[in-house]
Amino acid sequence: MPLTILAIESSCDDTSAAVVKDGYLLSNLIAGQDVHRSYGGVVPELASRAHQANIVPVVDQALSKAGVHSTDIDAVAFTRGPGLLGSLLVGTSFAKGFALAMNIPLVEVNHLHAHVFSHWLREKGSDGSTPSLPFLCLLVSGGHTQLIVVDEHMKLNEIGSTIDDAAGEAFDKCAKVMGMPYPGGPHIDRLASGGDPERFSFTRPSIGKLDYSFSGLKTNFLYFLRDELKKNNAFIDDNKEDLSASIQKTIIDILVDKLVIASRETGIKEIGIAGGVAANSGLRKKISLLARDEGWQIYLPELRYTTDNAAMIAITGYFKYLDNDYAGQDVVPRARLKI
Ligand code: KG4
Ligand code: ZN
């Protein structure tokens, strides 16, 4: 019997719905929210309201693009957390209502698991291979920076994480002090391609073996700019490309140094990256170079599956459904949820 899963993602500022059938993705629709742009960050109350406006049309489009009817859906998966509570509530309430109305199981998904499991997404006609287990994944997003091992039973173990800011936050905050719009990561990425990554050097944390820290780097960058601007008030404009290249290189070096240690310590050579920062072209290039030196088999997600999307929720929900891992109607969203 075919198994068709509808999935909803609403943890931050993207409303997304996807359909997976028998482990293959049929559709993945995302409605972004431009309303936050002028505020320099996501405004939770506005995000929640935009999810309410977007969720029904996005689900409708996901079903019609997949060529399925609501009565064809066997289970509905949704992001339970972590994320913004008001945003999560919209997706959770919709999923609960849908499951109740169609009398089908509800499957709750941890957003962080889903970023990692995006490596198991398959589409008909594309023959991308999926990782062998155990698999080591560097999860780098706006809210998280973690080293995660997926073991032989598809269970996830965190072996390192940030003690303060996430890597995406470091990109966004450094971009903000250079006057770039939110989210700044992609702007730094673009400018970095024309800059000299060795021109400026910034502080690197010395911290527990597999953990990360980015708050010192952010402060160092801020003070460096403040001092330079005293000498030349056009310093940022004159050096935007070199500044971007240098800060990007520093963040990438910090990220991959620990990934190499983790791989050597665990002996795992199946390596992936996931999350919004996995879209960074410098990080992708560096991982590809390391693959050669370290003998890694690497998995770089397609760009559309790096930032938040319901496709990753759908594939994770599919695996959980196969494990009979259902949620009850009493399930509530969680702003904080561990791996
Ligand atoms: O996974 P995601 O969409 O949302 C969270 O769950 O946080 O990640 C968003 C983060 C933002 O910090 C954004 O600046 C960063 O991913 N990002 C990038 C790039 N594209 C997105 N950072 C660096 N380079 C990029 N190309
Ligand atoms: Zn995310």
# chains A, B, ... in the order shown; residues from 1 in each chain; ligands from 1
$ select_by_dssp --residues "region 9-177 of chain A" --states "alpha helix (DSSP H)" --output "MDAnalysis selection string"
chainID A and resid 44:66 85:102 111:117 167:177
$ residues_near_ligand --ligand "ligand 1" --cutoff "7 Å" --atoms "only C-alpha atoms and all ligand atoms" --output "list in words"
Ser141, Gly142, Gly143, His144, Gly168, Glu169, Phe171, Asp172, Pro183, Gly184, Gly185, Pro186, Ile188, Asp189, Gly275, Gly276, Val277, Ala278, Ala279, Asn280, Ser281, Thr306, Thr307 and Asp308 of chain A
$ write_last_selection --atoms "C-alpha atoms" --output "mmCIF file, in the first residue's frame"
data_model
loop_
_atom_site.group_PDB
_atom_site.id
_atom_site.type_symbol
_atom_site.label_atom_id
_atom_site.label_comp_id
_atom_site.auth_asym_id
_atom_site.auth_seq_id
_atom_site.Cartn_x
_atom_site.Cartn_y
_atom_site.Cartn_z
ATOM 1 C CA SER A 141 21.850 27.323 11.093
ATOM 2 C CA GLY A 142 20.726 30.660 12.441
ATOM 3 C CA GLY A 143 19.902 29.123 15.808
ATOM 4 C CA HIS A 144 22.121 26.036 16.046
ATOM 5 C CA GLY A 168 24.466 31.756 11.297
ATOM 6 C CA GLU A 169 24.054 34.314 14.063
ATOM 7 C CA PHE A 171 27.290 35.740 9.995
ATOM 8 C CA ASP A 172 24.123 37.788 10.543
ATOM 9 C CA PRO A 183 19.719 37.756 7.046
ATOM 10 C CA GLY A 184 23.273 38.811 6.312
ATOM 11 C CA GLY A 185 24.838 35.375 5.722
ATOM 12 C CA PRO A 186 24.064 35.263 1.996
ATOM 13 C CA ILE A 188 28.641 38.059 3.191
ATOM 14 C CA ASP A 189 28.892 34.933 1.031
ATOM 15 C CA GLY A 275 21.070 23.944 7.991
ATOM 16 C CA GLY A 276 20.995 27.435 6.471
ATOM 17 C CA VAL A 277 24.761 28.037 6.694
ATOM 18 C CA ALA A 278 25.301 24.822 4.676
ATOM 19 C CA ALA A 279 24.371 27.027 1.685
ATOM 20 C CA ASN A 280 27.603 28.990 2.157
ATOM 21 C CA SER A 281 29.768 28.562 -0.922
ATOM 22 C CA THR A 306 19.567 23.919 3.464
ATOM 23 C CA THR A 307 17.227 26.620 4.763
ATOM 24 C CA ASP A 308 13.958 25.768 6.497
#
$ closest_residue --among "A:Leu6, A:Ala274, A:Leu138, A:Val76" --to "ligand 2" --atoms "only C-alpha atoms and all ligand atoms"
A:Ala274
$ atom_distance --atom1 "CA of Asp242 (chain A)" --atom2 "CA of Ser206 (chain A)"
24.6 Å
$ closest_residue --among "A:Thr316, A:Asn324, A:Ser288, A:Ser93" --to "His115 (chain A)" --atoms "only C-alpha atoms"
A:Thr316
$ residues_around --residues "Ile104 (chain A)" --least-positions-apart "4" --cutoff "9 Å" --atoms "only C-alpha atoms" --output "PDB file with C-alpha atoms, in the first residue's frame"
ATOM      1  CA  ILE A  73      -2.898  11.560   2.968  1.00  0.00           C
ATOM      2  CA  ASP A  74      -2.041   8.749   5.435  1.00  0.00           C
ATOM      3  CA  ALA A  75      -0.410  10.872   8.156  1.00  0.00           C
ATOM      4  CA  VAL A  76       0.446  14.491   8.879  1.00  0.00           C
ATOM      5  CA  PHE A  98      -6.009  18.109   9.704  1.00  0.00           C
ATOM      6  CA  ALA A  99      -5.288  14.804  11.460  1.00  0.00           C
ATOM      7  CA  LEU A 100      -8.532  15.007  13.406  1.00  0.00           C
TER       8      LEU A 100
END
$ residues_around --residues "Ser213 (chain A)" --least-positions-apart "4" --cutoff "12 Å" --atoms "only C-alpha atoms" --output "list in words"
His144, Thr145, Gln146, Gly160, Ser161, Thr162, Ile163, Asp164, Asp165, Ala166, Ala167, Glu169, Ala170, Thr203, Arg204, Pro205, Ser206, Ile207, Gly208, Lys209, Leu217, Lys218, Thr219, Ile251, Ile254, Leu255 and Lys258 of chain A
$ residues_around --residues "region 30-33 of chain A" --least-positions-apart "4" --cutoff "8 Å" --atoms "only C-alpha atoms" --output "list in words"
Asp13, Asp14, Thr15, Ser16, Ala17, Ala47, Ala50, Asn54, Val58, Asn309 and Ala310 of chain A
$ write_last_selection --atoms "N, CA, C and O atoms" --output "compact mmCIF listing (two decimals), in the first residue's frame"
# COMPACT_ATOMS: atom_id res chain seq x y z
N ASP A 13 10.32 31.86 10.22
CA ASP A 13 9.62 32.82 9.36
C ASP A 13 9.32 32.27 7.97
O ASP A 13 9.06 33.04 7.06
N ASP A 14 9.37 30.96 7.80
CA ASP A 14 8.96 30.36 6.53
C ASP A 14 7.79 29.41 6.80
O ASP A 14 7.88 28.56 7.68
N THR A 15 6.72 29.59 6.02
CA THR A 15 5.59 28.65 6.12
C THR A 15 5.78 27.66 4.98
O THR A 15 5.82 28.05 3.81
N SER A 16 5.91 26.38 5.32
CA SER A 16 6.19 25.41 4.27
C SER A 16 5.35 24.15 4.44
O SER A 16 5.04 23.73 5.56
N ALA A 17 4.96 23.57 3.29
CA ALA A 17 4.23 22.30 3.30
C ALA A 17 4.84 21.42 2.21
O ALA A 17 5.27 21.91 1.17
N ALA A 47 5.58 37.09 12.58
CA ALA A 47 5.80 35.77 11.96
C ALA A 47 4.57 34.89 12.17
O ALA A 47 4.08 34.25 11.25
N ALA A 50 1.72 35.98 9.94
CA ALA A 50 1.95 35.63 8.52
C ALA A 50 1.75 34.12 8.32
O ALA A 50 1.21 33.70 7.29
N ASN A 54 -0.70 32.32 5.65
CA ASN A 54 -0.09 31.52 4.57
C ASN A 54 -0.41 30.04 4.60
O ASN A 54 -0.31 29.37 3.57
N VAL A 58 -0.62 27.49 1.27
CA VAL A 58 0.62 26.71 1.04
C VAL A 58 0.31 25.22 1.03
O VAL A 58 0.82 24.47 0.18
N ASN A 309 12.50 24.14 5.47
CA ASN A 309 11.58 23.61 4.46
C ASN A 309 10.82 22.44 5.05
O ASN A 309 11.28 21.80 6.00
N ALA A 310 9.64 22.15 4.47
CA ALA A 310 8.83 21.04 5.00
C ALA A 310 9.24 19.69 4.40
O ALA A 310 8.85 18.65 4.94
$ select_by_dssp --residues "region 108-295 of chain A" --states "strand (DSSP E)" --output "PyMOL selection string"
chain A and resi 108-110+135-140+145-150+156-161+270-274
$ closest_residue --among "A:Ser10, A:Gln329, A:Thr4, A:Ser48" --to "Leu26 (chain A)" --atoms "only C-alpha atoms"
A:Thr4
$ closest_residue --among "A:Leu300, A:Leu106, A:Val42, A:Leu139" --to "Asp330 (chain A)" --atoms "only C-alpha atoms"
A:Leu106
$ closest_residue --among "A:Leu112, A:Ala7, A:Leu84, A:Val107" --to "ligand 2" --atoms "only C-alpha atoms and all ligand atoms"
A:Leu112
$ closest_residue --among "A:Val256, A:Cys174, A:Val332, A:Cys12" --to "ligand 2" --atoms "only C-alpha atoms and all ligand atoms"
A:Cys12
$ atom_distance --atom1 "CA of Asp293 (chain A)" --atom2 "CA of Lys269 (chain A)"
11.4 Å
$ atom_distance --atom1 "CA of Val20 (chain A)" --atom2 "CA of Leu337 (chain A)"
24.4 Å
$ residues_around --residues "region 232-237 of chain A" --least-positions-apart "3" --cutoff "12 Å" --atoms "only C-alpha atoms" --output "ChimeraX atom specification"
/A:174-180,191,221-222,224-229,240-244
